[in-house]
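Quick look at upload_39.txt (compact mmCIF, C-alpha atoms):
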```
# COMPACT_ATOMS: atom_id res chain seq x y z
CA MET I 1 12.45 13.96 10.57
CA ALA I 2 10.45 16.03 8.11
CA ASP I 3 11.89 17.26 4.85
CA SER I 4 12.81 20.98 4.88
CA LYS I 5 9.75 21.64 2.69
CA PHE I 6 7.39 20.47 5.43
CA THR I 7 6.96 21.17 9.13
CA ILE I 8 5.53 17.71 9.73
CA LEU I 9 5.28 14.50 7.76
CA PRO I 10 2.86 11.60 8.21
CA ALA I 11 4.53 8.49 9.59
CA HIS I 12 2.44 6.25 7.34
CA VAL I 13 0.83 7.17 4.01
CA GLY I 14 -1.64 4.97 2.16
CA VAL I 15 -2.07 5.49 -1.58
CA ILE I 16 -5.00 4.13 -3.59
CA MET I 17 -3.65 4.01 -7.14
CA ASP I 18 -6.90 4.72 -8.96
CA GLY I 19 -7.73 5.89 -12.48
CA ASN I 20 -5.45 3.76 -14.64
CA GLY I 21 -8.29 2.37 -16.75
CA ARG I 22 -9.94 5.76 -17.27
CA TRP I 23 -6.58 7.27 -18.22
CA ALA I 24 -6.25 4.69 -21.00
CA LYS I 25 -9.88 5.01 -22.10
CA ASN I 26 -9.54 8.79 -22.41
CA ARG I 27 -6.71 8.17 -24.89
CA GLY I 28 -8.42 5.38 -26.81
CA LEU I 29 -5.94 2.84 -25.45
CA PRO I 30 -6.43 -0.64 -23.92
CA ARG I 31 -6.90 -0.53 -20.14
CA LYS I 32 -3.65 -2.41 -19.65
CA MET I 33 -1.76 0.60 -21.03
CA GLY I 34 -3.09 2.64 -18.13
CA HIS I 35 -1.73 0.09 -15.68
CA ILE I 36 1.67 0.22 -17.39
CA GLU I 37 1.78 4.00 -16.96
CA GLY I 38 0.43 3.69 -13.43
CA ALA I 39 3.29 1.33 -12.54
CA LYS I 40 5.75 4.02 -13.60
CA THR I 41 4.00 6.51 -11.32
CA PHE I 42 4.15 4.02 -8.46
CA ARG I 43 7.92 3.74 -8.79
CA LYS I 44 8.30 7.52 -9.02
CA ILE I 45 6.10 8.39 -6.02
CA GLY I 46 7.47 5.57 -3.87
CA GLU I 47 11.03 6.79 -4.37
CA TYR I 48 10.03 10.42 -3.86
CA ALA I 49 8.23 9.64 -0.58
CA GLY I 50 11.28 7.83 0.73
CA ASN I 51 13.53 10.74 -0.19
CA LEU I 52 11.24 13.10 1.71
CA GLY I 53 11.65 11.02 4.85
CA ILE I 54 8.31 9.21 5.00
CA ARG I 55 9.03 6.00 6.88
CA HIS I 56 6.02 3.92 5.86
CA ILE I 57 4.06 4.04 2.61
CA SER I 58 1.46 1.54 1.40
CA PHE I 59 0.25 1.30 -2.20
CA TYR I 60 -3.02 -0.39 -3.15
CA ALA I 61 -2.19 -2.33 -6.31
CA PHE I 62 -4.81 -5.09 -6.60
CA SER I 63 -7.81 -5.83 -4.40
CA THR I 64 -9.54 -9.11 -3.67
CA GLU I 65 -12.46 -7.75 -5.72
CA ASN I 66 -10.32 -6.94 -8.76
CA TRP I 67 -10.35 -10.57 -9.92
CA SER I 68 -13.78 -9.80 -11.41
CA ARG I 69 -12.22 -7.48 -14.00
CA PRO I 70 -11.73 -8.65 -17.60
CA GLU I 71 -9.28 -11.54 -17.84
CA ASP I 72 -6.86 -9.72 -20.13
CA GLU I 73 -6.69 -6.80 -17.70
CA VAL I 74 -6.02 -9.09 -14.72
CA THR I 75 -3.35 -10.92 -16.72
CA ALA I 76 -1.70 -7.61 -17.61
CA ILE I 77 -1.69 -6.47 -13.97
CA MET I 78 -0.14 -9.73 -12.79
CA LYS I 79 2.50 -9.48 -15.50
CA LEU I 80 3.32 -5.95 -14.37
CA PHE I 81 3.60 -7.19 -10.80
CA GLY I 82 5.97 -9.93 -11.93
CA ASP I 83 8.03 -7.37 -13.86
CA TYR I 84 8.21 -5.20 -10.73
CA LEU I 85 9.42 -8.14 -8.63
CA LYS I 86 12.11 -8.92 -11.21
CA GLU I 87 13.19 -5.29 -11.28
CA ALA I 88 13.28 -5.20 -7.48
CA GLU I 89 15.54 -8.26 -7.50
CA ASP I 90 17.83 -6.62 -10.08
CA ARG I 91 17.96 -3.43 -7.99
CA LEU I 92 18.24 -5.21 -4.65
CA GLN I 93 21.66 -3.81 -3.76
CA GLU I 94 20.51 -0.29 -4.62
CA ASN I 95 17.40 -0.68 -2.47
CA LEU I 96 19.46 -2.03 0.40
CA GLU I 97 21.74 1.00 0.20
CA LYS I 98 18.65 3.21 0.36
CA GLY I 99 17.40 1.30 3.41
CA ILE I 100 14.18 0.14 1.73
CA ARG I 101 12.25 -2.74 3.25
CA LEU I 102 9.73 -4.37 0.92
CA ARG I 103 6.56 -5.99 2.19
CA PHE I 104 3.56 -7.41 0.40
CA LEU I 105 0.13 -7.20 2.00
CA GLY I 106 -2.65 -9.59 1.09
CA ASP I 107 -3.64 -13.22 0.53
CA ARG I 108 -0.94 -14.89 -1.54
CA SER I 109 -2.79 -18.18 -2.02
CA ALA I 110 -4.32 -17.07 -5.35
CA LEU I 111 -0.97 -16.01 -6.80
CA THR I 112 1.41 -18.20 -8.78
CA ASP I 113 4.28 -20.05 -7.12
CA GLU I 114 6.72 -17.90 -9.07
CA LEU I 115 5.24 -14.67 -7.70
CA ARG I 116 5.08 -16.01 -4.15
CA TYR I 117 8.69 -17.15 -4.27
CA ALA I 118 9.86 -13.73 -5.46
CA MET I 119 7.79 -11.97 -2.79
CA ASP I 120 9.22 -14.17 -0.04
CA TYR I 121 12.75 -13.66 -1.34
CA LEU I 122 12.50 -9.85 -1.44
CA GLU I 123 10.88 -9.64 1.98
CA ASP I 124 13.60 -11.79 3.51
CA ALA I 125 16.43 -9.98 1.69
CA THR I 126 15.25 -6.54 2.91
CA LYS I 127 13.95 -7.47 6.37
CA ASP I 128 16.71 -5.62 8.22
CA MET I 129 16.19 -2.30 6.42
CA THR I 130 14.74 0.48 8.56
CA LYS I 131 14.77 3.74 6.58
CA VAL I 132 11.72 3.15 4.38
CA ASN I 133 9.04 0.49 4.69
CA LEU I 134 7.34 0.12 1.31
CA ASN I 135 4.16 -1.97 1.32
CA LEU I 136 2.49 -3.18 -1.84
CA ALA I 137 -1.04 -4.50 -1.33
CA ILE I 138 -1.73 -7.30 -3.81
CA ASN I 139 -4.87 -9.47 -3.63
CA TYR I 140 -5.65 -7.40 -0.55
CA GLY I 141 -8.89 -6.63 1.26
CA GLY I 142 -9.19 -4.79 4.56
CA GLN I 143 -12.16 -6.82 5.77
CA GLN I 144 -10.42 -10.04 4.80
CA GLU I 145 -7.31 -8.93 6.70
CA ILE I 146 -9.33 -8.39 9.89
CA LEU I 147 -11.08 -11.73 9.36
CA HIS I 148 -7.67 -13.41 9.03
CA SER I 149 -6.59 -11.95 12.37
CA VAL I 150 -9.85 -12.96 14.09
CA LYS I 151 -9.52 -16.55 12.84
CA ASN I 152 -6.00 -16.72 14.29
CA ILE I 153 -7.34 -15.48 17.62
CA ALA I 154 -10.12 -18.11 17.53
CA GLU I 155 -7.52 -20.84 16.97
CA ASP I 156 -5.50 -19.55 19.93
CA ILE I 157 -8.62 -19.70 22.10
CA LEU I 158 -9.39 -23.25 20.99
CA SER I 159 -5.84 -24.31 21.79
CA GLU I 160 -6.17 -22.52 25.16
CA LYS I 161 -3.24 -20.18 24.47
CA ILE I 162 -5.45 -17.23 25.42
CA LYS I 163 -8.88 -16.64 26.95
CA PRO I 164 -11.62 -14.54 25.33
CA GLN I 165 -11.30 -11.92 28.06
CA ASP I 166 -7.64 -11.51 27.16
CA ILE I 167 -8.46 -10.16 23.68
CA THR I 168 -7.55 -6.51 23.22
CA LEU I 169 -7.17 -4.13 20.32
CA GLU I 170 -3.49 -5.04 20.35
CA THR I 171 -4.38 -8.72 19.96
CA ILE I 172 -6.20 -7.99 16.71
CA GLN I 173 -3.46 -5.62 15.56
CA ALA I 174 -0.88 -8.38 16.06
CA GLY I 175 -2.63 -10.49 13.43
CA LEU I 176 -2.64 -7.85 10.69
CA TYR I 177 -0.22 -7.73 7.77
CA THR I 178 1.09 -4.39 9.09
CA LYS I 179 1.41 -5.54 12.69
CA GLU I 180 4.78 -3.84 13.33
CA GLN I 181 3.91 -0.57 11.60
CA PRO I 182 2.19 2.60 12.83
CA PRO I 183 -1.41 3.44 11.89
CA VAL I 184 -2.04 5.23 8.61
CA ASP I 185 -1.95 9.01 9.05
CA LEU I 186 -2.88 10.03 5.51
CA VAL I 187 -4.80 8.28 2.73
CA ILE I 188 -4.31 9.70 -0.77
CA ARG I 189 -6.81 8.83 -3.49
CA PRO I 190 -6.54 10.34 -6.97
CA SER I 191 -9.05 10.02 -9.85
CA GLY I 192 -12.00 11.83 -8.26
CA GLU I 193 -13.39 8.90 -6.26
CA GLN I 194 -13.97 9.47 -2.53
CA ARG I 195 -14.10 6.10 -0.86
CA LEU I 196 -11.73 3.77 0.96
CA SER I 197 -12.52 0.69 -1.17
CA ASN I 198 -11.66 -1.86 1.52
CA PHE I 199 -8.11 -0.50 1.92
CA LEU I 200 -6.38 -0.69 5.32
CA LEU I 201 -9.67 -0.33 7.19
CA TRP I 202 -8.27 -1.02 10.66
CA GLN I 203 -5.09 0.99 10.11
CA SER I 204 -6.97 4.03 8.78
CA ALA I 205 -9.31 4.46 11.76
CA TYR I 206 -8.03 8.02 12.36
CA ALA I 207 -6.42 8.73 9.01
CA GLU I 208 -6.80 12.04 7.22
CA PHE I 209 -8.09 11.78 3.64
CA TRP I 210 -6.97 13.72 0.58
CA TYR I 211 -8.66 13.40 -2.79
CA SER I 212 -7.70 14.62 -6.24
CA ASP I 213 -9.30 14.54 -9.69
CA VAL I 214 -5.91 13.69 -11.22
CA LEU I 215 -5.81 10.17 -12.64
CA TRP I 216 -3.03 8.05 -11.15
CA PRO I 217 -0.78 7.84 -14.27
CA ASP I 218 -0.72 11.66 -14.32
CA PHE I 219 -0.02 11.97 -10.58
CA THR I 220 3.21 13.90 -9.93
CA GLU I 221 5.55 14.77 -7.10
CA ASN I 222 3.82 18.17 -6.95
CA ASP I 223 0.48 16.45 -6.36
CA PHE I 224 2.07 14.43 -3.56
CA ASP I 225 3.44 17.65 -2.08
CA GLU I 226 -0.04 19.16 -2.20
CA ALA I 227 -1.43 16.25 -0.21
CA LEU I 228 1.33 16.62 2.39
CA ARG I 229 0.69 20.36 2.70
CA ALA I 230 -2.98 19.68 3.28
CA PHE I 231 -2.04 17.15 5.96
CA GLU I 232 0.09 19.77 7.73
CA LYS I 233 -2.97 21.97 8.14
CA ARG I 234 -5.28 19.32 9.58
CA ASN I 235 -6.17 19.54 13.26
CA ARG I 236 -5.90 15.94 14.40
CA ARG I 237 -7.80 15.48 17.66
CA PHE I 238 -8.22 11.68 17.68
CA GLY I 239 -11.65 12.00 19.28
CA GLY I 240 -10.58 14.69 21.76
CA VAL I 241 -11.28 18.43 21.74
```
The structure given in the file should be rewritten as structure tokens.
Amino acid sequence: MADSKFTILPAHVGVIMDGNGRWAKNRGLPRKMGHIEGAKTFRKIGEYAGNLGIRHISFYAFSTENWSRPEDEVTAIMKLFGDYLKEAEDRLQENLEKGIRLRFLGDRSALTDELRYAMDYLEDATKDMTKVNLNLAINYGGQQEILHSVKNIAEDILSEKIKPQDITLETIQAGLYTKEQPPVDLVIRPSGEQRLSNFLLWQSAYAEFWYSDVLWPDFTENDFDEALRAFEKRNRRFGGV
């Protein structure tokens, strides 16, 4: 049910956390300082969205293409991710009381054993929570996600579990990281860029888009409200008239 401030809320919001590096550069700081501030904004907006009543929210933290960034920046991002996982473990009881389910979207094979263990632990510990589903996309790519699903389908065909003619949209959906979640209704991208950047391509087929020139570390609850108010005014026809 929508918060009293809104007549309708999106069931699933995707957030591309963009502008951390530029925020730091504008202040003459190392890029990693922008990611540190951006992590604070992530925590703030994630909690705020849950309090509003948004059931599913996905944050784009690190793409499969981001490995090409400078080594010290990648190292700083991974350290921040590890710090977040530790904090989530420390606050596990609090998150359970808030009904928060944590999920991590992406290819975990490139991550350290320590990170993978913590991710598995938090997903398992919160798997029965139903109030808020918080997704964090780490080493994630939308095209790679679809490819992963298609490969699984190919294996099922080879093992004669299904026939090619049995493949439906639902078959592909079942192989995605977000298989049990609704499609994305609203994609929010701060920092002035206006592209999807390989984020939840399948899930965002009919998503509404909202852009802002605000850099992610400066993004506030009021900015989030502005995006939701814009969503309320959209006429969503889903290909109809």
When you draw a straight line from atom CA of I:Phe62 to atom CA of I:Lys79, how long is it in Å?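 Spanning atom CA of I:Phe62 to atom CA of I:Lys79 is a straight-line distance of 12.3 Å.
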Who sits within 6 Å of I:Leu136, all atoms listed in the file, same chain under 5 positions skipped, as a ChimeraX atom specification: /I:58-59,104
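For the atom pair formed by atom CA of I:Tyr211 and atom CA of I:Val132, the distance is 23.9 Å, given to one decimal.
Closest to I:Ala125 among I:Asn222, I:Ser159, I:Thr112, I:Glu89 is I:Glu89, based on all atoms listed in the file.
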When you look at stretch 168-179 of chain I with a cut-off of 6 Å (counting only C-alpha atoms), what residues show up, excluding the ones that are within fewer than 2 positions of it in the same chain? I need them as a PyMOL selection string. chain I and resi 105+149+181
